[in-house]
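> If you scroll down you'll find the structure; I have some questions about it.
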Amino acid sequence: MKRRILGGTGISVSEYALGTMMLGAWGNTDHDDCVRIVHHALDAGINFVDTADVYAAGESEEIVGKALKGRRDDVVLATKFFNPMGPDANHGGNSRRWITRAVEDSLRRLGTDHIDLYQVHRPDPTTDIDETLGALSDLVRSGKVRAVGTSTFPAEQIVEAHWTAERRGHVRFRSEQPPYSVLARSVENAVLPTAQRYGMGVLTWGPLSAGWLSGRDLSASSRSGLETQKFDLSVPENARKAEAVGALSKLAAEAGLPLPHLATAFVRAHPSVTSVIIGPRTLDQLTSLLDGAEVTLSADVLDRIDAIVPPGTDLNRADSYYVPPAVADASLRRR
């Protein structure tokens, strides 16, 4: 497994990171099996593990903590905060009040005395970025956190955060974690260039686009619950994605690759990407993805992908996973 340096921090991380959202109640409820998945990833050369407090209400962090016993020093451990962790409005967000509580909860669940990369899971329009960076700076200086980053931040908020850090003497964000796949390429417009400009590492998530590029059956009839709407092919945006998947599947076959290998290799090929987060639910899924770790796409294949999904394009706007408040709340855009 090849390594890259994370955003000028000097921290060496594997080109694949193990995402653990599916470990626990949101995916695999067998804790022993989840531990085996983590151990297999580490044995295969992955040294970067990413989780979040909100994943299965803390259960994912607890599983990761179990899996890393005796191996913590060899792992770059990342987690995130922001999402609500209870009914109280103050049990979430990016305030100093919540950050100082959230980090202690994560440290306890993870069974460690420090977090290598502590990430803001989403922007919080109710909290001044100076407040957030001040609290995170204190955590870095105390040794509880080694570096800080963002997840799913728009380019303009990344810029604001860097200017605030410089002017106020705070530590700066060293990484951004955006959604990025062949079907969701809008981050190529501004987020990835901005990360490059500020020397940030980029940890992408969703390379298989929530399963669209996994090679599985796309029909909504084969799914249940919330996934039904995501894959309802009567929705125009989903129909466009299905058409693109068909063309990409044909291209992958011609290139002699499984579709998931083409999809992950595409993300890894972007010069701003430091590590691609893969989030398997089973050991077989992990093994299959690891088999494609050395795949490199030719310029011709990359050009043909561009012809199917143009650079900078999201086939479904919902795949950006962040809607600015002024767009979501009509009262903020009308007199």
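Chain labels A, B, ... are given in the sequence in which chains occur in the structure tokens; within each chain residues are numbered consecutively from 1, and ligands are likewise numbered from 1 in the order shown.
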Give me the residues within 8 Å of stretch 51-67 of chain A as a ChimeraX atom specification, counting only C-alpha atoms and dropping any in the same chain fewer than 3 places off.
/A:19-26,31,34-36,38-39,78-81,83-85,102,106,109-112
> Can you tell me which residues surround A:Glu294 at a distance of at most 10 Å, considering only C-alpha atoms, apart from same-chain residues fewer than 2 positions away, and format the answer as a list in words?
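So, after excluding close chain neighbours, the residues are Met1, Lys2, Glu15, His261, Ala265, Leu290, Asp291, Gly292, Thr296 and Leu297 of chain A.
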> If DSSP is run on the backbone, what residues of stretch 62-302 of chain A are strand (DSSP E)? A reply as a PyMOL selection string would be ideal.
chain A and resi 76-81+115-120+145-151+175-177+201-204+275-278
> Restricted to C-alpha atoms, what would the selected residues look like written as a PDB file, in the first residue's frame?

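This is the output file selection.pdb:
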```
ATOM      1  CA  VAL A  76      -3.307   7.364  12.083  1.00  0.00           C
ATOM      2  CA  LEU A  77      -6.710   7.752  13.733  1.00  0.00           C
ATOM      3  CA  ALA A  78      -9.272  10.273  12.541  1.00  0.00           C
ATOM      4  CA  THR A  79     -12.712  11.067  13.888  1.00  0.00           C
ATOM      5  CA  LYS A  80     -15.276  13.847  13.530  1.00  0.00           C
ATOM      6  CA  PHE A  81     -17.754  15.959  15.514  1.00  0.00           C
ATOM      7  CA  ILE A 115      -6.710  11.798  18.087  1.00  0.00           C
ATOM      8  CA  ASP A 116      -4.412  12.222  15.098  1.00  0.00           C
ATOM      9  CA  LEU A 117      -6.920  14.105  12.934  1.00  0.00           C
ATOM     10  CA  TYR A 118      -9.992  15.742  14.490  1.00  0.00           C
ATOM     11  CA  GLN A 119     -12.439  16.918  11.827  1.00  0.00           C
ATOM     12  CA  VAL A 120     -15.408  19.285  11.738  1.00  0.00           C
ATOM     13  CA  VAL A 145      -5.402  16.318  19.062  1.00  0.00           C
ATOM     14  CA  ARG A 146      -2.490  16.299  16.595  1.00  0.00           C
ATOM     15  CA  ALA A 147      -4.092  18.024  13.583  1.00  0.00           C
ATOM     16  CA  VAL A 148      -7.504  19.355  12.575  1.00  0.00           C
ATOM     17  CA  GLY A 149      -9.520  19.225   9.381  1.00  0.00           C
ATOM     18  CA  THR A 150     -12.908  19.757   7.798  1.00  0.00           C
ATOM     19  CA  SER A 151     -15.455  17.567   6.045  1.00  0.00           C
ATOM     20  CA  SER A 175      -7.304  18.500   5.499  1.00  0.00           C
ATOM     21  CA  GLU A 176     -10.708  18.462   3.836  1.00  0.00           C
ATOM     22  CA  GLN A 177     -12.905  15.387   3.458  1.00  0.00           C
ATOM     23  CA  GLY A 201      -4.603  16.991   2.398  1.00  0.00           C
ATOM     24  CA  VAL A 202      -7.772  15.622   0.794  1.00  0.00           C
ATOM     25  CA  LEU A 203      -9.521  12.500   2.104  1.00  0.00           C
ATOM     26  CA  THR A 204     -12.363  11.664  -0.216  1.00  0.00           C
ATOM     27  CA  SER A 275      -6.287   9.159   0.535  1.00  0.00           C
ATOM     28  CA  VAL A 276      -9.508   7.508  -0.629  1.00  0.00           C
ATOM     29  CA  ILE A 277     -11.832   6.387   2.150  1.00  0.00           C
ATOM     30  CA  ILE A 278     -13.372   2.976   1.532  1.00  0.00           C
TER      31      ILE A 278
END
```
> Suppose you want the space between atom CA of A:Gly86 and atom CA of A:Asp105; what is it in Å?
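Here the two named atoms are 12.8 Å from each other.
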> Using only C-alpha atoms, which residue out of A:Ala263, A:Leu233, A:Ile99, A:Val187 lies closest to A:Ile305?
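Result for the nearest residue to A:Ile305: A:Ala263.
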> Just the residues within 10 Å of A:Arg185, please, counting only C-alpha atoms, with nothing from its chain fewer than 3 positions along; format it as a list in words.
Pro179, Tyr180, Ser181, Val182, Glu188, Asn189, Val267, Val309, Pro310, Pro311, Gly312, Thr313, Asp314, Leu315, Asp319 and Ser320 of chain A
> Export, as a compact mmCIF listing (two decimals), in the first residue's frame, the selected residues with N, CA, C and O atoms.

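Wrote out-v5.txt, looks like this:
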```txt
# COMPACT_ATOMS: atom_id res chain seq x y z
N PRO A 179 -17.13 14.57 -0.46
CA PRO A 179 -17.63 13.46 -1.27
C PRO A 179 -17.10 13.60 -2.69
O PRO A 179 -17.11 14.70 -3.25
N TYR A 180 -16.61 12.51 -3.26
CA TYR A 180 -16.02 12.60 -4.60
C TYR A 180 -16.11 11.24 -5.28
O TYR A 180 -15.65 10.23 -4.73
N SER A 181 -16.72 11.23 -6.44
CA SER A 181 -16.80 10.01 -7.24
C SER A 181 -16.95 10.39 -8.70
O SER A 181 -17.11 11.58 -9.04
N VAL A 182 -16.95 9.39 -9.57
CA VAL A 182 -17.16 9.65 -10.99
C VAL A 182 -18.51 10.33 -11.22
O VAL A 182 -18.64 11.16 -12.12
N GLU A 188 -14.45 19.30 -7.96
CA GLU A 188 -13.35 19.64 -8.86
C GLU A 188 -13.35 21.11 -9.22
O GLU A 188 -12.31 21.67 -9.61
N ASN A 189 -14.51 21.77 -9.11
CA ASN A 189 -14.62 23.17 -9.51
C ASN A 189 -13.85 24.10 -8.59
O ASN A 189 -13.13 24.99 -9.06
N VAL A 267 -10.77 8.28 -8.55
CA VAL A 267 -10.65 9.25 -7.46
C VAL A 267 -9.19 9.40 -7.05
O VAL A 267 -8.68 10.51 -6.84
N VAL A 309 -19.11 11.60 -17.88
CA VAL A 309 -19.50 12.56 -16.84
C VAL A 309 -18.50 13.71 -16.91
O VAL A 309 -17.36 13.55 -16.49
N PRO A 310 -18.91 14.86 -17.42
CA PRO A 310 -17.97 15.97 -17.59
C PRO A 310 -17.36 16.42 -16.26
O PRO A 310 -18.01 16.36 -15.21
N PRO A 311 -16.10 16.87 -16.29
CA PRO A 311 -15.45 17.36 -15.07
C PRO A 311 -16.30 18.44 -14.38
O PRO A 311 -16.93 19.27 -15.04
N GLY A 312 -16.30 18.42 -13.06
CA GLY A 312 -17.01 19.42 -12.29
C GLY A 312 -18.51 19.23 -12.21
O GLY A 312 -19.23 20.11 -11.72
N THR A 313 -19.00 18.06 -12.65
CA THR A 313 -20.44 17.82 -12.73
C THR A 313 -20.94 16.86 -11.66
O THR A 313 -20.33 15.82 -11.42
N ASP A 314 -22.03 17.21 -11.01
CA ASP A 314 -22.79 16.27 -10.17
C ASP A 314 -24.03 15.87 -10.95
O ASP A 314 -24.83 16.75 -11.33
N LEU A 315 -24.21 14.59 -11.22
CA LEU A 315 -25.40 14.17 -11.95
C LEU A 315 -26.66 14.32 -11.10
O LEU A 315 -27.76 14.44 -11.62
N ASP A 319 -25.99 14.80 -4.24
CA ASP A 319 -24.76 14.09 -3.94
C ASP A 319 -23.67 15.01 -3.39
O ASP A 319 -22.60 14.52 -3.01
N SER A 320 -23.92 16.32 -3.33
CA SER A 320 -22.95 17.23 -2.71
C SER A 320 -23.00 17.11 -1.19
O SER A 320 -22.05 17.46 -0.50
```
> Can you tell me, as a ChimeraX atom specification, what residues are no more than 12 Å from A:Glu160 when counting only C-alpha atoms, ignoring any on the same chain fewer than 2 positions away?
/A:123,128-130,133,153-158,162-168,172-173,194,198
> Which residues, written as a list of chain:residue names, have at least one atom at most 8 Å from stretch 299-303 of chain A, with only C-alpha atoms counted and residues fewer than 2 positions away on the same chain left out?
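Non-adjacent residues within range: A:Leu251, A:Ala255, A:Phe266, A:Leu297, A:Ile305, A:Asp306, A:Ala307.
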> Could you go through stretch 21-89 of chain A and tell me which residues DSSP, when run on the backbone, assigns to alpha helix (DSSP H), listing them as a PyMOL selection string?
chain A and resi 31-43+59-67
> Between atom CA of A:Pro178 and atom CA of A:Val191, what is the distance, to one decimal in Å?
8.1 Å
> Atom CA of A:Ala239 to atom CA of A:Ala190: how many Å, to one decimal?
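Answer for the atom CA of A:Ala239 to atom CA of A:Ala190 separation: 26.5 Å.
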